Structure formats: structure tokens, C-alpha cells
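Single-structure report; data block below.
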2 protein chains.
Amino acid sequence: MSHMGYGCLMAVDRDHVLRSAAALLTRKSTATMDEVARAAGISRATLHRHFAGRDALVRALEALGIAECEAALDAARLDEGPAAEAVRRLVGAIEPAAGLLAFLYTENQLFEGEGQNEGWARIDERIEALFRRGQDTGEFRIDLTPAWLTEACYGLLASGAWAVSEGRVAARDFTYMIVELLLGGARRRKEP
Amino acid sequence: MSHMGYGCLMAVDRDHVLRSAAALLTRKSTATMDEVARAAGISRATLHRHFAGRDALVRALEALGIAECEAALDAARLDEGPAAEAVRRLVGAIEPAAGLLAFLYTENQLFEGEGQNEGWARIDERIEALFRRGQDTGEFRIDLTPAWLTEACYGLLASGAWAVSEGRVAARDFTYMIVELLLGGARRRKEP
DNA sequence: CCCATGTGAGACATGAATGTCTCAGTACGG
DNA sequence: CCGTACTGAGACATTCATGTCTCACATGGG
């Protein structure tokens, strides 16, 4: 395919490899580079040509997760309409990336050391702002901090992805169950 | 200390090592056997005298986690009083073990293969029964399955432990925040 | 005092995953 | 048809955690 290299096909293949790796590592976070390569249908050598090493692969996965999160945040238009509806849109938009998020969430070695990607901070801030907005408009209760609601959102996303992959809950109920639990806990209630 | 061996001191030391390992692995799940040993204040050789290998250590941790969970389940008296109060007692009782639970929850290699410990099934069943009871008495909504509520409970416990260890939420709020979110989502509400 | 037990320190071999390299086969464009 | 570019297969060295071993030291009881 000569010299069309970096603009077109390489990018496509790289993205395919990345998504295969995400799908595999979601299920088996200790998978070998060889397993990752086979899952993507390529050889270990080619995998190393795309990603210098396992570390680079995980970093690329992190970048992908951040990009998908931010795309979901944009698509959910968090500033519009009631905060509860925005939360619903957000979870729905982020659902396809939940497995990848769950993997990254448990890959705590990403966060040791000061070199942690600032993308997470940006995402945290946007989600926290959403919950804060809901509190300001009186939709959400104020005794649960935005930071905790954000953290719980990640946790429920991860639990949901794991539960679906184990067959404990139906995939079609994913968004509904997470949103109902999250909003049920966040919303103000007229009577206890 | 001659031949008092297995009944007394060995057990105490073993338990101390186990708890040190739990505390360390909660923060860094990839810690080396050497790091685990140093965290417990013993040498790697002595650690290997207690636990044949890393696998045996993780299995022992799993057994400890199961034992603590079941102790918490017993202490919470899930059959007594309103289901919501039972959930509150359960989360409070399980809080000290939340870090260990979070580690075991993400150690998904425990669940690959058919040799998974049946203790988890027993615990799942008891928690699910609690949520089912709440649904039967009309306290909890029925559109969220007991299996999902149980899964979400684990996820929130893990998220809470992680958030506390990161300083994102205060340790004293741990139980409150988890219970309010879980119950807020589980409870039936008179008006949407 | 002497012996037994447990311990720490360290050497050593092993196995697995990783990273690097070469080489042959293939596909595509010129 | 030829040459370039990419790929897969495999060999190879390296690194690291692990598991096993020996030996010296300390403690505590007989």
C-alpha cells in the first residue's frame, strides 16, 4: 500500500487494534501482549510496531478512554435542560465506553506517580459541575458532594459493565439501572 | 517459643501478615511478594513460610474477605426491622473490610476457571435476599433487580474505599454516602 | 550452658513476559 | 515484471517476580 501510510490505513488499523485490546483487557486485565495481538488478529511483532510496549499500549488506551469520555460529555450537552436529564444523556452516551472505563478505573498504576493524565481532571470537573448545577437548581440534594456523586458514577459504570459481561444483568437495562440508582440517590425528595 | 506453634502465635502472626497484605494490595494491587513482606515487617523467607506462594496468599485474602463479609452479614441482622435499616447496618458493618473487598473485586483472575470460591455465592444470595425482602414489603422499587442492587452495592463499596484512600471523600462520611445513594435509588418514591 | 526453633539475609535456579532482531512470504503500485 | 512496504513467524537476550535453598544469628526453654 506504498506511502499512504500515516494518514489512512495505519490509523484505521491502529484504532482496530486499540478497540480489540480494550475489549480483551476489559475481560482479562492481565492479558499478555501475545494475547492482545491474537485478539486483534495480528502478530506480536506487528503489535509492537504500533505500540512500543505494553506501557505505551495502556497509555494509548487511556487516551482513547479520555477521548471517548469527552465525546460523550459533548454529546450529552450537560448544560441544557434539567440536570437529571443531562445525567441520563451522559450515562447513555458513555455506555459504549463503559468496559474500557472499567479497565482503566482499576488500572490504578496509571495514577501512581505525578505523571497522571490531566484529561481525567478535566472530565472530573465537567461531571462535578453537572452535579453542582443540579444542586444549585434544587434538583439534587446537597448532602452528597459532587465529588462523591462523580466517583459513584464511575463505580456504577464499572460495576454495570462487569455485571453485564458476567450475565448478571441484561445489556439492554444497563443505562436504565445505572441512571435510576444514581438519580434516585441524588435527587431531592419531598418526603423521606 | 518451642512447641506452642500452630494454636497460638502462628495464627496471630499470620493474621497480622494477612491484614498488612490486604492494606498494601488495596493501594497497589501489583505489589511484589517482597513488598508485601516488608509491609508486614517480615522477610520474604518468612512470608513464604506462612503462604506457599502468591497464589496461596491471594486465596487466603479471599478467605479472609469472605469471613469478614459473613461476619458483617451476621452482625447486621438482615432479617430484622425495615430492610432499609438492615442495609444501613450492613454497610456500616462491612465498612472496615471495604478496602479488602475492593481489592478482591478487581482481582478478576479469582473468577476465571470454575474453581471460584462458593463463599461469594452465599454472600450474594444473602444480600440479594435482603433486597428481595425490601421489595416484598413494598419498601424498595421492583424495577431494579436484586442482583443489580447487590452488584451496585459492591461497586459503591469499592468506589467509596478508593475515594476515601484518595482523599476525595472524608472517611467519616463513607457509610453515609454509600447508604444514601444506594437507598435513594432503591426506595420507592411516592412521587417522581 | 546447650539445644531447638524461628527468623533474616542472601545466593541460586526457574519461568514468564517483554523487547529486539532477522528472514521469508505477500500484496500492491509503478 | 520488479521493487517497495508491510506482515507473520520465530529465534534470541533481558528483565523481573517467584520459589527454593543454605547459613548465620537470636531468643527462649530445659
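Residue numbering restarts at 1 for every chain of the C-alpha cells, chains are lettered A, B, ... in their displayed order, and ligands are numbered from 1 as they appear.
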Could you give me chain A least-squares fitted onto chain B (all C-alpha atoms, paired in order), as a JSON list (two decimals) with C-alpha atoms, in the first residue's frame?
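Result written to selection-v1.json:
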[["chain", "number", "residue", "atom", "x", "y", "z"],
["A", 1, "MET", "CA", 8.67, -20.24, 71.69],
["A", 2, "SER", "CA", 8.92, -23.96, 71.38],
["A", 3, "HIS", "CA", 5.87, -26.00, 70.57],
["A", 4, "MET", "CA", 2.93, -23.70, 71.15],
["A", 5, "GLY", "CA", 3.09, -23.20, 67.42],
["A", 6, "TYR", "CA", -0.13, -23.59, 65.57],
["A", 7, "GLY", "CA", -2.64, -22.73, 68.23],
["A", 8, "CYS", "CA", -1.54, -19.32, 69.33],
["A", 9, "LEU", "CA", 1.29, -17.21, 68.02],
["A", 10, "MET", "CA", 1.43, -18.54, 64.50],
["A", 11, "ALA", "CA", -2.21, -17.69, 64.01],
["A", 12, "VAL", "CA", -1.75, -14.19, 65.34],
["A", 13, "ASP", "CA", 1.23, -13.52, 63.12],
["A", 14, "ARG", "CA", -0.50, -14.99, 60.15],
["A", 15, "ASP", "CA", -3.47, -12.76, 60.71],
["A", 16, "HIS", "CA", -1.24, -9.72, 61.07],
["A", 17, "VAL", "CA", 0.55, -10.56, 57.82],
["A", 18, "LEU", "CA", -2.77, -11.06, 56.11],
["A", 19, "ARG", "CA", -4.08, -7.68, 57.21],
["A", 20, "SER", "CA", -0.88, -5.89, 56.23],
["A", 21, "ALA", "CA", -1.05, -7.54, 52.85],
["A", 22, "ALA", "CA", -4.67, -6.53, 52.46],
["A", 23, "ALA", "CA", -3.87, -2.92, 53.30],
["A", 24, "LEU", "CA", -0.96, -2.82, 50.86],
["A", 25, "LEU", "CA", -2.63, -4.65, 48.00],
["A", 26, "THR", "CA", -5.67, -2.40, 48.35],
["A", 27, "ARG", "CA", -3.45, 0.52, 47.44],
["A", 28, "LYS", "CA", -1.12, -1.27, 45.01],
["A", 29, "SER", "CA", -2.61, -4.45, 43.66],
["A", 30, "THR", "CA", 0.60, -5.35, 41.79],
["A", 31, "ALA", "CA", 2.81, -5.23, 44.86],
["A", 32, "THR", "CA", 5.66, -7.74, 44.94],
["A", 33, "MET", "CA", 5.94, -10.54, 47.46],
["A", 34, "ASP", "CA", 8.95, -8.67, 48.76],
["A", 35, "GLU", "CA", 6.92, -5.51, 49.22],
["A", 36, "VAL", "CA", 4.18, -7.46, 50.94],
["A", 37, "ALA", "CA", 6.75, -8.96, 53.29],
["A", 38, "ARG", "CA", 8.32, -5.60, 54.11],
["A", 39, "ALA", "CA", 4.90, -4.08, 54.69],
["A", 40, "ALA", "CA", 4.26, -6.77, 57.27],
["A", 41, "GLY", "CA", 7.65, -6.22, 58.84],
["A", 42, "ILE", "CA", 8.94, -9.68, 58.02],
["A", 43, "SER", "CA", 11.32, -11.13, 55.48],
["A", 44, "ARG", "CA", 10.37, -12.70, 52.21],
["A", 45, "ALA", "CA", 11.49, -16.09, 53.52],
["A", 46, "THR", "CA", 9.12, -15.90, 56.47],
["A", 47, "LEU", "CA", 6.31, -14.77, 54.23],
["A", 48, "HIS", "CA", 6.86, -17.88, 52.15],
["A", 49, "ARG", "CA", 6.76, -19.98, 55.30],
["A", 50, "HIS", "CA", 3.26, -18.67, 55.99],
["A", 51, "PHE", "CA", 1.95, -18.76, 52.43],
["A", 52, "ALA", "CA", 3.34, -21.14, 49.85],
["A", 53, "GLY", "CA", 3.22, -18.52, 47.12],
["A", 54, "ARG", "CA", 1.51, -15.48, 45.82],
["A", 55, "ASP", "CA", -1.45, -17.54, 44.75],
["A", 56, "ALA", "CA", -1.87, -18.99, 48.22],
["A", 57, "LEU", "CA", -1.66, -15.50, 49.67],
["A", 58, "VAL", "CA", -4.40, -14.19, 47.43],
["A", 59, "ARG", "CA", -6.55, -17.20, 48.23],
["A", 60, "ALA", "CA", -6.05, -16.60, 51.93],
["A", 61, "LEU", "CA", -7.01, -12.98, 51.39],
["A", 62, "GLU", "CA", -10.11, -14.14, 49.61],
["A", 63, "ALA", "CA", -11.00, -16.40, 52.51],
["A", 64, "LEU", "CA", -10.45, -13.52, 54.91],
["A", 65, "GLY", "CA", -12.66, -11.24, 52.85],
["A", 66, "ILE", "CA", -15.39, -13.86, 52.74],
["A", 67, "ALA", "CA", -15.14, -14.41, 56.49],
["A", 68, "GLU", "CA", -15.36, -10.69, 57.22],
["A", 69, "CYS", "CA", -18.29, -10.31, 54.88],
["A", 70, "GLU", "CA", -20.17, -13.12, 56.50],
["A", 71, "ALA", "CA", -19.39, -11.75, 59.95],
["A", 72, "ALA", "CA", -20.76, -8.40, 58.83],
["A", 73, "LEU", "CA", -23.85, -10.08, 57.43],
["A", 74, "ASP", "CA", -24.41, -11.82, 60.73],
["A", 75, "ALA", "CA", -23.83, -8.68, 62.76],
["A", 76, "ALA", "CA", -26.23, -6.67, 60.60],
["A", 77, "ARG", "CA", -29.17, -9.00, 61.38],
["A", 78, "LEU", "CA", -30.60, -8.60, 57.91],
["A", 79, "ASP", "CA", -33.89, -10.26, 58.81],
["A", 80, "GLU", "CA", -34.84, -7.78, 61.49],
["A", 81, "GLY", "CA", -36.69, -4.50, 61.12],
["A", 82, "PRO", "CA", -37.14, -2.48, 57.96],
["A", 83, "ALA", "CA", -34.98, -3.54, 55.01],
["A", 84, "ALA", "CA", -33.63, -0.02, 54.66],
["A", 85, "GLU", "CA", -32.32, -0.11, 58.21],
["A", 86, "ALA", "CA", -30.79, -3.50, 57.56],
["A", 87, "VAL", "CA", -28.97, -2.11, 54.54],
["A", 88, "ARG", "CA", -27.68, 0.69, 56.70],
["A", 89, "ARG", "CA", -26.41, -1.75, 59.31],
["A", 90, "LEU", "CA", -24.86, -3.92, 56.63],
["A", 91, "VAL", "CA", -22.85, -1.15, 55.01],
["A", 92, "GLY", "CA", -21.74, 0.09, 58.40],
["A", 93, "ALA", "CA", -20.62, -3.37, 59.42],
["A", 94, "ILE", "CA", -18.83, -4.07, 56.18],
["A", 95, "GLU", "CA", -17.04, -0.74, 56.03],
["A", 96, "PRO", "CA", -13.80, -1.90, 57.73],
["A", 97, "ALA", "CA", -13.41, -4.58, 55.10],
["A", 98, "ALA", "CA", -14.24, -2.35, 52.14],
["A", 99, "GLY", "CA", -10.63, -1.91, 51.08],
["A", 100, "LEU", "CA", -10.04, -5.64, 51.03],
["A", 101, "LEU", "CA", -13.29, -6.12, 49.17],
["A", 102, "ALA", "CA", -12.25, -3.58, 46.57],
["A", 103, "PHE", "CA", -9.02, -5.44, 45.99],
["A", 104, "LEU", "CA", -10.74, -8.80, 45.65],
["A", 105, "TYR", "CA", -13.45, -7.29, 43.48],
["A", 106, "THR", "CA", -10.90, -6.18, 40.89],
["A", 107, "GLU", "CA", -8.85, -9.34, 41.14],
["A", 108, "ASN", "CA", -10.92, -10.87, 38.41],
["A", 109, "GLN", "CA", -8.50, -13.72, 37.91],
["A", 110, "LEU", "CA", -10.12, -15.24, 40.96],
["A", 111, "PHE", "CA", -13.24, -15.80, 38.95],
["A", 112, "GLU", "CA", -11.83, -17.27, 35.79],
["A", 113, "GLY", "CA", -12.03, -20.99, 35.86],
["A", 114, "GLU", "CA", -14.69, -22.96, 37.63],
["A", 115, "GLY", "CA", -12.81, -23.14, 40.90],
["A", 116, "GLN", "CA", -14.30, -19.96, 42.28],
["A", 117, "ASN", "CA", -14.97, -19.93, 45.95],
["A", 118, "GLU", "CA", -18.59, -20.74, 46.77],
["A", 119, "GLY", "CA", -18.45, -18.29, 49.65],
["A", 120, "TRP", "CA", -19.20, -15.44, 47.27],
["A", 121, "ALA", "CA", -22.33, -17.16, 46.08],
["A", 122, "ARG", "CA", -23.53, -17.51, 49.65],
["A", 123, "ILE", "CA", -22.88, -13.84, 50.33],
["A", 124, "ASP", "CA", -24.53, -12.77, 47.09],
["A", 125, "GLU", "CA", -27.57, -14.80, 47.98],
["A", 126, "ARG", "CA", -27.94, -13.25, 51.42],
["A", 127, "ILE", "CA", -27.64, -9.69, 50.13],
["A", 128, "GLU", "CA", -29.99, -10.38, 47.27],
["A", 129, "ALA", "CA", -32.46, -11.85, 49.74],
["A", 130, "LEU", "CA", -32.32, -8.63, 51.71],
["A", 131, "PHE", "CA", -33.20, -6.54, 48.68],
["A", 132, "ARG", "CA", -35.88, -9.02, 47.72],
["A", 133, "ARG", "CA", -37.36, -8.72, 51.18],
["A", 134, "GLY", "CA", -37.42, -4.95, 50.83],
["A", 135, "GLN", "CA", -39.24, -5.32, 47.55],
["A", 136, "ASP", "CA", -41.76, -7.74, 49.05],
["A", 137, "THR", "CA", -42.55, -5.41, 51.92],
["A", 138, "GLY", "CA", -43.01, -2.54, 49.49],
["A", 139, "GLU", "CA", -40.07, -0.54, 50.77],
["A", 140, "PHE", "CA", -37.98, -0.92, 47.62],
["A", 141, "ARG", "CA", -38.93, -0.44, 44.01],
["A", 142, "ILE", "CA", -39.24, -3.58, 41.95],
["A", 143, "ASP", "CA", -37.85, -2.34, 38.64],
["A", 144, "LEU", "CA", -34.26, -2.68, 39.87],
["A", 145, "THR", "CA", -33.35, -6.32, 40.23],
["A", 146, "PRO", "CA", -31.89, -7.61, 43.50],
["A", 147, "ALA", "CA", -28.90, -8.88, 41.51],
["A", 148, "TRP", "CA", -28.17, -5.39, 40.23],
["A", 149, "LEU", "CA", -28.64, -3.79, 43.63],
["A", 150, "THR", "CA", -26.22, -6.32, 45.06],
["A", 151, "GLU", "CA", -23.71, -5.66, 42.33],
["A", 152, "ALA", "CA", -24.12, -1.92, 42.77],
["A", 153, "CYS", "CA", -23.55, -2.35, 46.49],
["A", 154, "TYR", "CA", -20.18, -3.97, 45.80],
["A", 155, "GLY", "CA", -19.31, -1.29, 43.29],
["A", 156, "LEU", "CA", -20.16, 1.55, 45.62],
["A", 157, "LEU", "CA", -18.23, -0.08, 48.43],
["A", 158, "ALA", "CA", -15.19, -0.32, 46.18],
["A", 159, "SER", "CA", -15.59, 3.21, 44.84],
["A", 160, "GLY", "CA", -16.03, 4.52, 48.35],
["A", 161, "ALA", "CA", -12.93, 2.79, 49.65],
["A", 162, "TRP", "CA", -10.93, 4.08, 46.71],
["A", 163, "ALA", "CA", -12.28, 7.60, 47.04],
["A", 164, "VAL", "CA", -11.48, 7.68, 50.74],
["A", 165, "SER", "CA", -7.94, 6.44, 50.20],
["A", 166, "GLU", "CA", -7.46, 9.14, 47.58],
["A", 167, "GLY", "CA", -8.79, 11.79, 49.89],
["A", 168, "ARG", "CA", -11.68, 12.64, 47.62],
["A", 169, "VAL", "CA", -14.23, 11.98, 50.33],
["A", 170, "ALA", "CA", -13.85, 12.07, 54.10],
["A", 171, "ALA", "CA", -13.54, 8.71, 55.84],
["A", 172, "ARG", "CA", -16.24, 9.64, 58.35],
["A", 173, "ASP", "CA", -18.76, 10.11, 55.53],
["A", 174, "PHE", "CA", -18.08, 6.72, 53.99],
["A", 175, "THR", "CA", -21.08, 4.81, 55.24],
["A", 176, "TYR", "CA", -23.47, 7.71, 54.94],
["A", 177, "MET", "CA", -22.68, 8.47, 51.32],
["A", 178, "ILE", "CA", -22.88, 4.87, 50.20],
["A", 179, "VAL", "CA", -26.08, 4.15, 52.08],
["A", 180, "GLU", "CA", -27.83, 7.31, 50.95],
["A", 181, "LEU", "CA", -27.00, 6.66, 47.32],
["A", 182, "LEU", "CA", -27.94, 3.01, 47.49],
["A", 183, "LEU", "CA", -31.16, 3.53, 49.43],
["A", 184, "GLY", "CA", -32.10, 6.63, 47.47],
["A", 185, "GLY", "CA", -31.98, 4.52, 44.34],
["A", 186, "ALA", "CA", -33.64, 1.49, 45.86],
["A", 187, "ARG", "CA", -36.48, 3.05, 47.80],
["A", 188, "ARG", "CA", -39.91, 3.48, 46.34],
["A", 189, "ARG", "CA", -40.90, 7.07, 46.01],
["A", 190, "LYS", "CA", -44.40, 8.34, 46.32],
["A", 191, "GLU", "CA", -43.91, 10.96, 43.63],
["A", 192, "PRO", "CA", -41.36, 11.05, 40.80]]
Report task. Starting from chain C, keep only residues with some atom at most 9 Å from an atom of chain A, counting only C-alpha atoms (C1' of nucleotides), and report them as a list in words. Result -> DA17, DT18, DG19, DA27, DC28 and DG29 of chain C
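The residues of chain D lying at most 10 Å from chain B, with only C-alpha atoms (C1' of nucleotides) taken into account, are DA17, DT18, DG19, DT20, DT27, DG28 and DG29 of chain D.
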**Report entry** d(atom C1' of DG15 of chain C, atom C1' of DT15 of chain D) in Å
**Finding:** 12.1 Å
